[in-house]
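> Just so it is clear, I am handing over my_file-v8.txt, which has compact mmCIF, C-alpha atoms and all ligand atoms.
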# COMPACT_ATOMS: atom_id res chain seq x y z
CA MET K 394 136.57 3.38 81.61
CA GLU K 395 136.63 3.73 77.85
CA ASN K 396 139.67 4.56 75.71
CA ILE K 397 142.35 3.36 78.15
CA ASP K 398 145.72 2.72 76.55
CA ILE K 399 146.69 -0.62 78.10
CA ASN K 400 150.25 -0.32 76.75
CA ASN K 401 150.75 2.94 78.62
CA PRO K 402 153.02 2.29 81.68
CA HIS K 403 150.68 4.60 83.63
CA THR K 404 147.81 2.18 83.10
CA PHE K 405 147.34 -0.15 86.05
CA LEU K 406 144.91 -1.08 88.83
CA SER K 407 144.59 1.55 91.51
CA CYS K 408 142.01 3.84 93.11
CA ASP K 409 141.53 7.56 93.57
CA TRP K 410 142.09 7.36 97.34
CA LEU K 411 145.32 5.41 97.07
CA GLU K 412 146.68 7.79 94.46
CA HIS K 413 145.56 11.18 95.77
CA GLY K 414 143.48 10.70 98.90
CA ILE K 415 143.76 11.47 102.59
CA ILE K 416 141.43 11.05 105.54
CA PHE K 417 141.48 12.74 108.94
CA ASP K 418 139.68 10.08 110.88
CA HIS K 419 137.81 9.98 114.18
CA SER K 420 140.36 7.70 115.86
CA ASN K 421 142.93 10.52 115.62
CA ILE K 422 144.49 8.57 112.75
CA ILE K 423 145.32 9.84 109.27
CA ARG K 424 144.41 7.27 106.66
CA VAL K 425 144.37 6.84 102.90
CA CYS K 426 140.71 5.80 102.69
CA CYS K 427 137.82 4.64 104.83
CA SER K 428 136.84 1.59 102.78
CA GLN K 429 136.72 -1.51 104.95
CA CYS K 430 134.49 -4.03 103.19
CA ASN K 431 137.30 -5.85 101.39
CA GLU K 432 139.48 -8.88 101.94
CA GLY K 433 142.62 -6.81 102.72
CA GLY K 434 140.80 -4.81 105.37
CA GLY K 435 141.26 -1.42 103.70
CA ARG K 436 141.98 1.89 105.46
CA PRO K 437 145.78 2.12 105.00
CA ILE K 438 147.36 4.27 107.73
CA LEU K 439 149.59 7.34 107.31
CA ALA K 440 149.83 8.62 110.92
CA TYR K 441 148.66 7.68 114.42
CA ASN K 442 147.92 9.91 117.39
CA TYR K 443 147.24 12.98 115.29
CA HIS K 444 145.74 16.10 116.89
CA GLY K 445 145.79 18.81 114.26
CA GLU K 446 149.54 19.53 113.97
CA LEU K 447 150.67 20.98 110.64
CA LEU K 448 151.82 18.14 108.40
CA ASP K 449 155.13 17.46 106.69
CA TRP K 450 153.66 16.91 103.23
CA ASP K 451 156.91 15.50 101.78
CA LYS K 452 156.71 12.74 104.37
CA ILE K 453 153.02 12.06 103.72
CA PHE K 454 153.58 11.84 99.97
CA ALA K 455 156.62 9.57 100.47
CA GLN K 456 154.47 7.17 102.51
CA LYS K 457 151.76 7.22 99.87
CA LYS K 458 154.36 6.60 97.15
CA GLU K 459 155.38 3.34 98.81
CA MET K 460 151.77 2.13 98.59
CA ARG K 461 151.20 3.52 95.10
CA ASP K 462 154.37 1.85 93.82
CA VAL K 463 152.99 -1.57 94.75
CA GLN K 464 150.13 -0.96 92.28
CA ARG K 465 152.58 0.30 89.65
CA SER K 466 154.53 -2.95 90.00
CA GLY K 467 151.42 -4.94 89.06
CA GLU K 468 150.88 -6.28 92.59
CA THR K 469 148.11 -5.24 94.96
CA TYR K 470 148.87 -3.38 98.18
CA SER K 471 147.96 -5.74 101.04
CA LYS K 472 145.22 -3.53 102.53
CA CYS K 473 143.61 -3.07 99.11
CA LYS K 474 143.17 -6.75 98.23
CA GLY K 475 139.67 -7.43 96.91
CA CYS K 476 138.59 -3.78 97.07
CA ILE K 477 135.67 -2.91 94.82
CA LEU K 478 137.15 0.55 94.22
CA LEU K 479 140.26 -0.75 92.45
CA ARG K 480 140.01 -0.05 88.75
CA GLU K 481 142.26 -0.09 85.73
CA ASP K 482 142.96 3.43 84.59
CA GLU K 483 145.71 5.82 83.56
CA TRP K 484 147.23 7.36 86.72
CA ASP K 485 149.73 10.20 87.11
CA ASP K 486 152.84 10.35 89.31
CA GLU K 487 152.15 13.76 90.84
CA ASN K 488 151.81 14.53 94.53
CA TYR K 489 148.63 16.38 95.44
CA ILE K 490 145.39 15.76 97.27
CA LYS K 491 142.32 15.29 95.16
CA ARG K 492 140.28 13.30 97.68
CA LEU K 493 139.88 14.59 101.21
CA LEU K 494 137.66 13.20 103.94
CA LEU K 495 137.23 15.11 107.18
CA THR K 496 135.75 12.88 109.83
CA HIS K 497 137.93 13.71 112.82
CA TRP K 498 135.05 14.49 115.17
CA ILE K 499 132.31 12.22 116.43
CA ASP K 500 129.97 14.41 118.45
CA CYS K 501 126.52 14.65 116.97
CA ASN K 502 123.12 16.10 117.70
CA CYS K 503 121.55 12.83 116.51
CA ARG K 504 121.74 9.26 117.90
CA CYS K 505 121.36 6.89 114.92
CA ILE K 506 121.27 3.30 116.13
CA TYR K 507 123.70 2.17 113.42
CA CYS K 508 126.27 4.89 114.07
CA PRO K 509 129.70 3.72 115.30
CA ALA K 510 130.13 7.06 117.08
CA VAL K 511 127.00 6.30 119.11
CA ARG K 512 127.57 2.56 119.57
CA ASP K 513 131.26 2.53 120.34
CA ASP K 514 132.06 3.80 123.86
CA LYS K 515 135.79 3.21 123.37
CA LEU K 516 135.77 5.42 120.29
CA LYS K 517 133.90 8.13 122.21
CA ARG K 518 136.42 8.05 125.08
CA GLU K 519 139.42 8.06 122.79
CA ASN K 520 138.32 10.64 120.22
CA LYS K 521 139.85 14.04 120.89
CA HIS K 522 138.42 16.81 118.78
CA TYR K 523 140.89 19.28 117.28
CA ASP K 524 140.63 22.36 115.11
CA ILE K 525 141.22 21.34 111.48
CA LEU K 526 141.18 24.92 110.20
CA PRO K 527 144.99 25.55 110.41
CA VAL K 528 145.68 22.31 108.50
CA LEU K 529 143.24 23.23 105.77
CA LYS K 530 144.71 26.75 105.52
CA ASP K 531 148.17 25.17 105.18
CA MET K 532 146.91 22.84 102.43
CA CYS K 533 145.45 25.81 100.55
CA ASP K 534 148.55 28.03 101.08
CA LYS K 535 150.89 25.28 99.85
CA LYS K 536 148.48 24.35 97.06
CA VAL K 537 148.60 20.73 98.20
CA LEU K 538 144.84 20.66 97.80
CA ASP K 539 143.51 20.53 94.26
CA LYS K 540 140.77 23.13 93.84
CA HIS K 541 138.50 20.62 92.23
CA ALA K 542 139.24 17.97 94.84
CA TYR K 543 136.40 15.82 96.03
CA ILE K 544 136.07 16.88 99.68
CA SER K 545 133.81 14.92 101.96
CA ILE K 546 132.87 16.31 105.35
CA ALA K 547 131.31 13.77 107.67
CA GLY K 548 131.68 13.05 111.35
CA GLY K 549 129.93 13.23 113.79
CA GLU K 550 127.89 16.22 112.85
CA SER K 551 130.05 18.94 111.39
CA THR K 552 127.56 21.82 111.66
CA ILE K 553 127.70 21.81 115.48
CA TYR K 554 131.45 22.51 115.63
CA PRO K 555 132.59 26.09 116.23
CA GLU K 556 135.00 26.16 113.27
CA PHE K 557 132.56 24.66 110.78
CA GLU K 558 131.29 27.86 109.16
CA ASP K 559 134.86 29.31 108.85
CA MET K 560 136.15 26.02 107.48
CA LEU K 561 133.49 25.81 104.81
CA HIS K 562 133.91 29.47 103.82
CA LEU K 563 137.70 28.87 103.51
CA LEU K 564 137.16 25.98 101.11
CA LEU K 565 134.49 27.79 99.10
CA ASP K 566 136.65 30.93 98.85
CA TYR K 567 139.66 28.81 97.76
CA GLY K 568 137.51 27.71 94.84
CA CYS K 569 136.53 24.23 95.93
CA ASP K 570 133.50 23.18 93.98
CA ASN K 571 133.13 19.49 94.69
CA ILE K 572 132.31 19.29 98.39
CA LEU K 573 130.11 16.64 99.91
CA ILE K 574 128.69 17.14 103.40
CA ASN K 575 126.90 14.46 105.35
CA SER K 576 124.69 16.10 107.90
CA SER K 577 122.02 15.08 110.35
CA GLY K 578 120.06 18.07 109.00
CA ILE K 579 119.03 19.09 112.50
CA LYS K 580 120.97 22.39 112.54
CA PHE K 581 120.61 24.78 109.61
CA SER K 582 123.95 26.05 108.24
CA PRO K 583 124.22 29.36 106.32
CA ALA K 584 127.58 28.20 104.85
CA ILE K 585 125.92 25.07 103.45
CA GLU K 586 123.13 27.25 102.06
CA LYS K 587 125.78 29.45 100.35
CA GLY K 588 127.50 26.40 98.85
CA LEU K 589 124.18 25.10 97.58
CA LYS K 590 123.32 28.46 96.02
CA ASN K 591 126.72 28.50 94.25
CA HIS K 592 126.38 24.84 93.24
CA CYS K 593 129.73 24.05 94.85
CA LEU K 594 128.61 21.46 97.33
CA GLU K 595 126.26 18.61 97.81
CA VAL K 596 124.63 17.90 101.15
CA VAL K 597 123.37 14.46 102.05
CA ILE K 598 120.90 14.03 104.86
CA SER K 599 120.10 10.48 105.80
CA ILE K 600 116.56 10.44 107.07
CA ASP K 601 116.16 6.63 106.81
CA SER K 602 112.40 6.76 107.18
CA GLY K 603 109.12 7.78 105.67
CA THR K 604 107.40 8.47 108.96
CA ARG K 605 108.14 10.36 112.19
CA GLU K 606 107.71 7.14 114.20
CA THR K 607 110.36 5.22 112.27
CA TYR K 608 112.67 8.26 112.26
CA GLU K 609 112.49 8.41 116.05
CA LYS K 610 113.10 4.66 116.39
CA ILE K 611 116.26 4.86 114.28
CA LYS K 612 117.53 8.32 115.22
CA LEU K 613 116.52 8.30 118.90
CA VAL K 614 115.84 12.06 118.76
CA LYS K 615 112.58 13.93 118.18
CA THR K 616 113.76 16.16 115.34
CA TYR K 617 111.82 14.88 112.34
CA ASP K 618 109.99 18.17 111.74
CA ALA K 619 113.18 20.27 112.09
CA VAL K 620 114.99 18.07 109.57
CA CYS K 621 112.09 18.24 107.09
CA GLU K 622 112.02 22.05 107.43
CA ASN K 623 115.79 22.29 106.82
CA LEU K 624 115.55 19.91 103.85
CA LYS K 625 112.93 22.25 102.39
CA ARG K 626 115.16 25.34 102.91
CA TYR K 627 118.21 23.63 101.40
CA ALA K 628 116.11 22.36 98.49
CA ALA K 629 114.97 25.92 97.75
CA ALA K 630 118.60 27.23 97.93
CA GLN K 631 119.63 25.11 94.94
CA GLY K 632 117.65 27.20 92.48
CA ASP K 633 116.91 25.52 89.19
CA GLN K 634 119.62 22.86 89.43
CA ARG K 635 118.27 20.46 91.96
CA LEU K 636 120.79 17.65 92.32
CA TYR K 637 122.86 19.23 95.12
CA LEU K 638 120.68 18.16 98.01
CA CYS K 639 120.27 14.45 98.58
CA SER K 640 117.88 12.68 100.88
CA LYS K 641 119.24 9.29 101.85
CA PHE K 642 117.74 6.08 103.18
CA ILE K 643 119.96 3.53 104.90
CA ILE K 644 118.15 0.21 105.06
CA VAL K 645 118.36 -0.98 108.65
CA PRO K 646 116.98 -4.54 108.76
CA ASP K 647 114.15 -4.97 111.31
CA TYR K 648 113.58 -1.20 111.53
CA ASN K 649 112.76 0.24 108.12
CA ASP K 650 113.16 -2.63 105.66
CA ASN K 651 109.72 -2.49 104.13
CA GLU K 652 108.21 -1.14 100.94
CA ASN K 653 105.76 1.19 102.68
CA GLU K 654 108.52 3.06 104.49
CA ILE K 655 110.51 3.47 101.28
CA GLU K 656 107.51 4.70 99.32
CA LEU K 657 106.57 7.25 101.99
CA TRP K 658 110.18 8.50 102.15
CA LEU K 659 110.31 9.03 98.39
CA LYS K 660 106.95 10.80 98.31
CA LYS K 661 107.98 13.07 101.19
CA SER K 662 111.25 13.86 99.40
CA ARG K 663 109.34 14.96 96.33
CA GLU K 664 106.95 17.05 98.48
CA LEU K 665 109.91 18.88 100.10
CA GLY K 666 111.32 19.86 96.71
CA ILE K 667 114.08 17.23 96.65
CA GLU K 668 114.95 15.54 93.37
CA HIS K 669 117.99 13.49 94.35
CA VAL K 670 117.87 10.46 96.66
CA ALA K 671 120.32 7.75 97.70
CA ILE K 672 119.94 4.24 99.04
CA ASP K 673 122.36 2.26 101.16
CA ILE K 674 122.44 -0.57 103.73
CA ASP K 675 123.53 -0.58 107.37
CA ILE K 676 127.27 -1.32 107.38
CA HIS K 677 127.06 -3.59 110.44
CA TRP K 678 124.46 -5.77 108.74
CA VAL K 679 126.54 -5.96 105.54
CA GLN K 680 129.70 -6.88 107.44
CA LYS K 681 127.83 -9.56 109.39
CA ASN K 682 126.29 -11.03 106.22
CA MET K 683 129.23 -10.42 103.89
CA ASN K 684 129.53 -14.08 102.86
CA ASN K 685 125.84 -14.55 102.34
CA LEU K 686 124.75 -11.43 100.45
CA GLN K 687 123.81 -13.44 97.36
CA ASN K 688 121.11 -15.18 99.41
CA GLU K 689 119.74 -11.96 100.93
CA ARG K 690 117.19 -11.54 98.21
CA ARG K 691 114.75 -9.50 100.34
CA ILE K 692 117.18 -6.59 100.87
CA TYR K 693 118.20 -6.68 97.23
CA ASP K 694 114.52 -6.63 96.19
CA LEU K 695 113.99 -3.53 98.34
CA ILE K 696 116.77 -1.78 96.44
CA VAL K 697 115.07 -2.74 93.16
CA TYR K 698 111.74 -1.47 94.55
CA THR K 699 113.38 1.84 95.54
CA LYS K 700 114.47 2.33 91.94
CA GLN K 701 110.97 1.61 90.63
CA ILE K 702 109.31 4.14 92.95
CA ALA K 703 112.06 6.72 92.46
CA ASP K 704 111.47 6.50 88.70
CA ARG K 705 107.72 6.85 89.22
CA GLU K 706 108.27 9.97 91.37
CA ASN K 707 110.80 11.30 88.85
CA LEU K 708 113.63 11.26 91.40
CA LYS K 709 117.29 10.55 90.58
CA LEU K 710 118.48 7.56 92.62
CA ARG K 711 122.08 6.94 93.61
CA TYR K 712 123.33 3.61 94.96
CA ASP K 713 125.84 4.18 97.74
CA GLU K 714 128.67 1.79 98.57
CA ARG K 715 126.87 -1.09 100.29
CA ALA K 716 123.89 -0.90 97.93
CA SER K 717 126.37 -1.09 95.05
CA ILE K 718 128.03 -4.13 96.63
CA MET K 719 124.61 -5.75 97.00
CA ARG K 720 123.80 -5.05 93.35
CA LYS K 721 127.17 -6.40 92.32
CA VAL K 722 126.70 -9.72 94.10
CA HIS K 723 123.31 -9.95 92.38
CA HIS K 724 125.14 -9.37 89.09
CA VAL K 725 123.96 -5.84 88.37
CA LYS K 726 126.67 -3.49 87.23
CA THR K 727 126.79 -0.25 89.24
CA ALA K 728 129.48 2.41 89.34
CA VAL K 729 130.45 2.66 92.99
CA PHE K 730 129.77 6.08 94.38
CA GLY K 731 132.93 8.05 94.92
CA GLY K 732 132.15 11.66 94.17
CA THR K 733 129.38 14.16 94.19
CA MET K 734 126.31 13.81 92.04
CA ARG K 735 127.55 16.12 89.29
CA LYS K 736 130.78 14.14 88.88
CA MET K 737 128.95 10.83 88.89
CA GLY K 738 126.29 11.75 86.38
CA LYS K 739 126.15 8.23 84.93
CA ASN K 740 125.42 6.71 88.31
CA VAL K 741 121.85 7.90 88.56
S1 LIG K 801 141.79 0.27 96.87
FE1 LIG K 801 140.21 0.28 98.46
S2 LIG K 801 141.31 -0.19 100.35
FE2 LIG K 801 142.82 0.49 98.84
S3 LIG K 801 143.05 2.69 99.14
FE3 LIG K 801 141.51 2.38 97.57
S4 LIG K 801 139.57 2.41 98.65
FE4 LIG K 801 141.18 2.04 100.16
S1 LIG K 802 123.79 11.71 111.98
FE1 LIG K 802 125.65 10.63 111.39
S2 LIG K 802 127.14 11.05 112.99
FE2 LIG K 802 125.13 11.59 113.80
S3 LIG K 802 124.44 9.80 114.92
FE3 LIG K 802 123.65 9.65 112.82
S4 LIG K 802 125.17 8.47 111.66
FE4 LIG K 802 126.13 9.18 113.58
Kindly return the structure encoded in the file as structure tokens.


Amino acid sequence: MENIDINNPHTFLSCDWLEHGIIFDHSNIIRVCCSQCNEGGGRPILAYNYHGELLDWDKIFAQKKEMRDVQRSGETYSKCKGCILLREDEWDDENYIKRLLLTHWIDCNCRCIYCPAVRDDKLKRENKHYDILPVLKDMCDKKVLDKHAYISIAGGESTIYPEFEDMLHLLLDYGCDNILINSSGIKFSPAIEKGLKNHCLEVVISIDSGTRETYEKIKLVKTYDAVCENLKRYAAAQGDQRLYLCSKFIIVPDYNDNENEIELWLKKSRELGIEHVAIDIDIHWVQKNMNNLQNERRIYDLIVYTKQIADRENLKLRYDERASIMRKVHHVKTAVFGGTMRKMGKNV
């Protein structure tokens, strides 16, 4: 970041999640972040065995302060060691939430082969869904939640939960204007359409393929046409500003890691009225090859190819976390994604 005053006592290494973030996670745990590709292991914990009870915010903020104070002392909090999201900046001492991730459910109408919620039977048995609506209302009533907070809604598939439409309307009516929703795209949501029309949210649909055949191999459901139709409807809802809907491609080695698939995906995106695309890599593959990424030239070359074709098709390309890590080990500077497209304008 430019213009940082390094003599300011508020200037030190930290990250947005550590300072002002909270995650309601699918293991019924409340965490500080979901980053787990670093030496310290990431994902600091604030509460176990959580099932939607109203929170004592003084206690939550006191726990976060202990972690934040380590950064203020010039040390690095153990879980954060080696994290790519640590950056030197000027940080405040206030207590509020400006980063919120809701991923407390795991049910989905899709079956992606790389999805932990699909692969992990233990997680499926242990996950107990709860209604997050009262907690969100409490956060709004107590003004714990910053109106311009970056709010990410993932899962599982959020649109299939009964409280989803009410939850999204609550946040939109509160004034939230920086919401990111990851969706399978299989079920159309009127609340998402409203957020897109008002330019208050971004929806990311990871289609991971350029053909129906590859989609069905990776997703294990026959919903390619439904997803394309919903992408088209969401694309139209954006009006003239067309960066709020994002079509994503997660490179899954041995399934879709070829140039043809990437080119067909980008062309289809353009045909559906999409102008914003994102590239990433299967997390399991990255974790397995973490110490050898510099030699994985083929996957890196695919990322470079994606950029070339995206430019040709006049599409804005975003590099998500693992793609950014891959670029970094190949010595290309990339701002790591950590907000919606509008807030990360330079990262396209
Ligand atoms: S520095 Fe990394 S591990 Fe630590 S809270 Fe931030 S994102 Fe999580
Ligand atoms: S759409 Fe998301 S939650 Fe659903 S199976 Fe795929 S990765 Fe998992």

> Which is closest to ligand LIG 802 (chain K) among K:Asp673, K:Glu595, K:Glu609, K:Asp500, if we use all atoms listed in the file?

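Closest candidate: K:Asp500.
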
> Find the residues with any atom within 9 Å of (118.0, 16.2, 108.6); use all atoms listed in the file and the coordinates as given in the file, and write the answer as a list in words.

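Checking each residue against the 9 Å limit leaves Ser576, Ser577, Gly578, Ile579, Lys580, Val597, Ile598, Ser599, Ile600, Thr616, Tyr617, Asp618, Ala619, Val620, Cys621, Glu622, Asn623, Leu624 and Ser640 of chain K.
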
> Counting all atoms listed in the file, what residues are within 10 Å of ligand LIG 802 (chain K), given as a PyMOL selection string?

chain K and resi 496+498-512+547-551+575-579+598-600+611-614+643

> Compute the set of protein, DNA and RNA residues whose minimum atom distance to ligand LIG 801 (chain K) is at most 8 Å, using all atoms listed in the file, and state it as an NGL selection string.

:K and (407-412 or 425-429 or 431 or 433-437 or 470 or 472-479)

> Choose the residue, out of K:Lys530, K:Arg690, K:His497, K:Lys536, that has the smallest atom-to-atom separation from His562 (chain K); count all atoms listed in the file.

K:Lys530

> Counting all atoms listed in the file, which residues have an atom no more than 12 Å from (107.2, 13.7, 96.8) in the file's coordinates? Please list them as number ranges by chain.

K: 603, 625, 640, 655-670, 702-708

> Please produce a file of the residues just selected, as a PDB file, in the frame of the given file, where the atoms kept are C-alpha atoms.


ATOM      1  CA  GLY K 603     109.120   7.780 105.670  1.00  0.00           C
ATOM      2  CA  LYS K 625     112.930  22.250 102.390  1.00  0.00           C
ATOM      3  CA  SER K 640     117.880  12.680 100.880  1.00  0.00           C
ATOM      4  CA  ILE K 655     110.510   3.470 101.280  1.00  0.00           C
ATOM      5  CA  GLU K 656     107.510   4.700  99.320  1.00  0.00           C
ATOM      6  CA  LEU K 657     106.570   7.250 101.990  1.00  0.00           C
ATOM      7  CA  TRP K 658     110.180   8.500 102.150  1.00  0.00           C
ATOM      8  CA  LEU K 659     110.310   9.030  98.390  1.00  0.00           C
ATOM      9  CA  LYS K 660     106.950  10.800  98.310  1.00  0.00           C
ATOM     10  CA  LYS K 661     107.980  13.070 101.190  1.00  0.00           C
ATOM     11  CA  SER K 662     111.250  13.860  99.400  1.00  0.00           C
ATOM     12  CA  ARG K 663     109.340  14.960  96.330  1.00  0.00           C
ATOM     13  CA  GLU K 664     106.950  17.050  98.480  1.00  0.00           C
ATOM     14  CA  LEU K 665     109.910  18.880 100.100  1.00  0.00           C
ATOM     15  CA  GLY K 666     111.320  19.860  96.710  1.00  0.00           C
ATOM     16  CA  ILE K 667     114.080  17.230  96.650  1.00  0.00           C
ATOM     17  CA  GLU K 668     114.950  15.540  93.370  1.00  0.00           C
ATOM     18  CA  HIS K 669     117.990  13.490  94.350  1.00  0.00           C
ATOM     19  CA  VAL K 670     117.870  10.460  96.660  1.00  0.00           C
ATOM     20  CA  ILE K 702     109.310   4.140  92.950  1.00  0.00           C
ATOM     21  CA  ALA K 703     112.060   6.720  92.460  1.00  0.00           C
ATOM     22  CA  ASP K 704     111.470   6.500  88.700  1.00  0.00           C
ATOM     23  CA  ARG K 705     107.720   6.850  89.220  1.00  0.00           C
ATOM     24  CA  GLU K 706     108.270   9.970  91.370  1.00  0.00           C
ATOM     25  CA  ASN K 707     110.800  11.300  88.850  1.00  0.00           C
ATOM     26  CA  LEU K 708     113.630  11.260  91.400  1.00  0.00           C
TER      27      LEU K 708
END

> Do a neighbour search on Asp451 (chain K) at 9 Å with only C-alpha atoms, toss out local chain neighbours closer than 4 positions, and write the hits as a list in words.

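The residues satisfying every condition are Ala455, Gln456 and Asn488 of chain K.
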
> Using Å and a single decimal, report how far CA of Tyr489 (chain K) sits from CA of Asp539 (chain K).

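For CA of Asp539 (chain K) relative to CA of Tyr489 (chain K), the distance reads 6.7 Å.
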
> CA of Asp534 (chain K) and CA of Ile546 (chain K) are how many Å apart?

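Computing it gives 20.0 Å between the two atoms.
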
> For a quick check of understanding, using all atoms listed in the file, which of K:Val679, K:Ile525, K:Glu689, K:Gly467 has the smallest distance to Leu563 (chain K)?

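Of all the options, K:Ile525 lies closest to Leu563 (chain K).
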
> Show which residues sit within 10 Å of Asp398 (chain K), as number ranges by chain. Count all atoms listed in the file, and ignore same-chain residues fewer than 4 positions away.

K: 402-404, 482-483

> Set the distance at 12 Å and use all atoms listed in the file: which residues neighbour Asp449 (chain K) once local chain neighbours fewer than 4 positions away are removed? I'd like the list as a ChimeraX atom specification.

/K:439-440,453-456,528,531-532,535,537

> Rounded to one decimal, what separation in Å do you get between CA of Ile696 (chain K) and CA of Glu432 (chain K)?

24.4 Å

> With only C-alpha atoms as the atoms that count, which of K:Thr607, K:Gln631, K:Asn520, K:Asn685 lies nearest to Asp647 (chain K)?

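Going through K:Thr607, K:Gln631, K:Asn520, K:Asn685 one by one, the smallest distance to Asp647 (chain K) is for K:Thr607.
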
> Give the padded box for region 489-501 of chain K as JSON: axis-aligned, covering all atoms listed in the file, 3 Å on each side, centre and edge lengths in Å to one decimal.


{"center_x": 137.6, "center_y": 14.3, "center_z": 106.8, "size_x": 28.1, "size_y": 10.2, "size_z": 29.3}

> Using all atoms listed in the file, which of K:Lys590, K:Leu526, K:Glu519, K:Asp570 sits nearest Arg635 (chain K)?

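Smallest distance to Arg635 (chain K) is found for K:Lys590.
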
> With all atoms listed in the file as the basis for distance, which of K:Lys641, K:His413, K:Lys721, K:Arg424 is at the shortest distance from Lys458 (chain K)?

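Among the listed residues, K:His413 lies closest to Lys458 (chain K).
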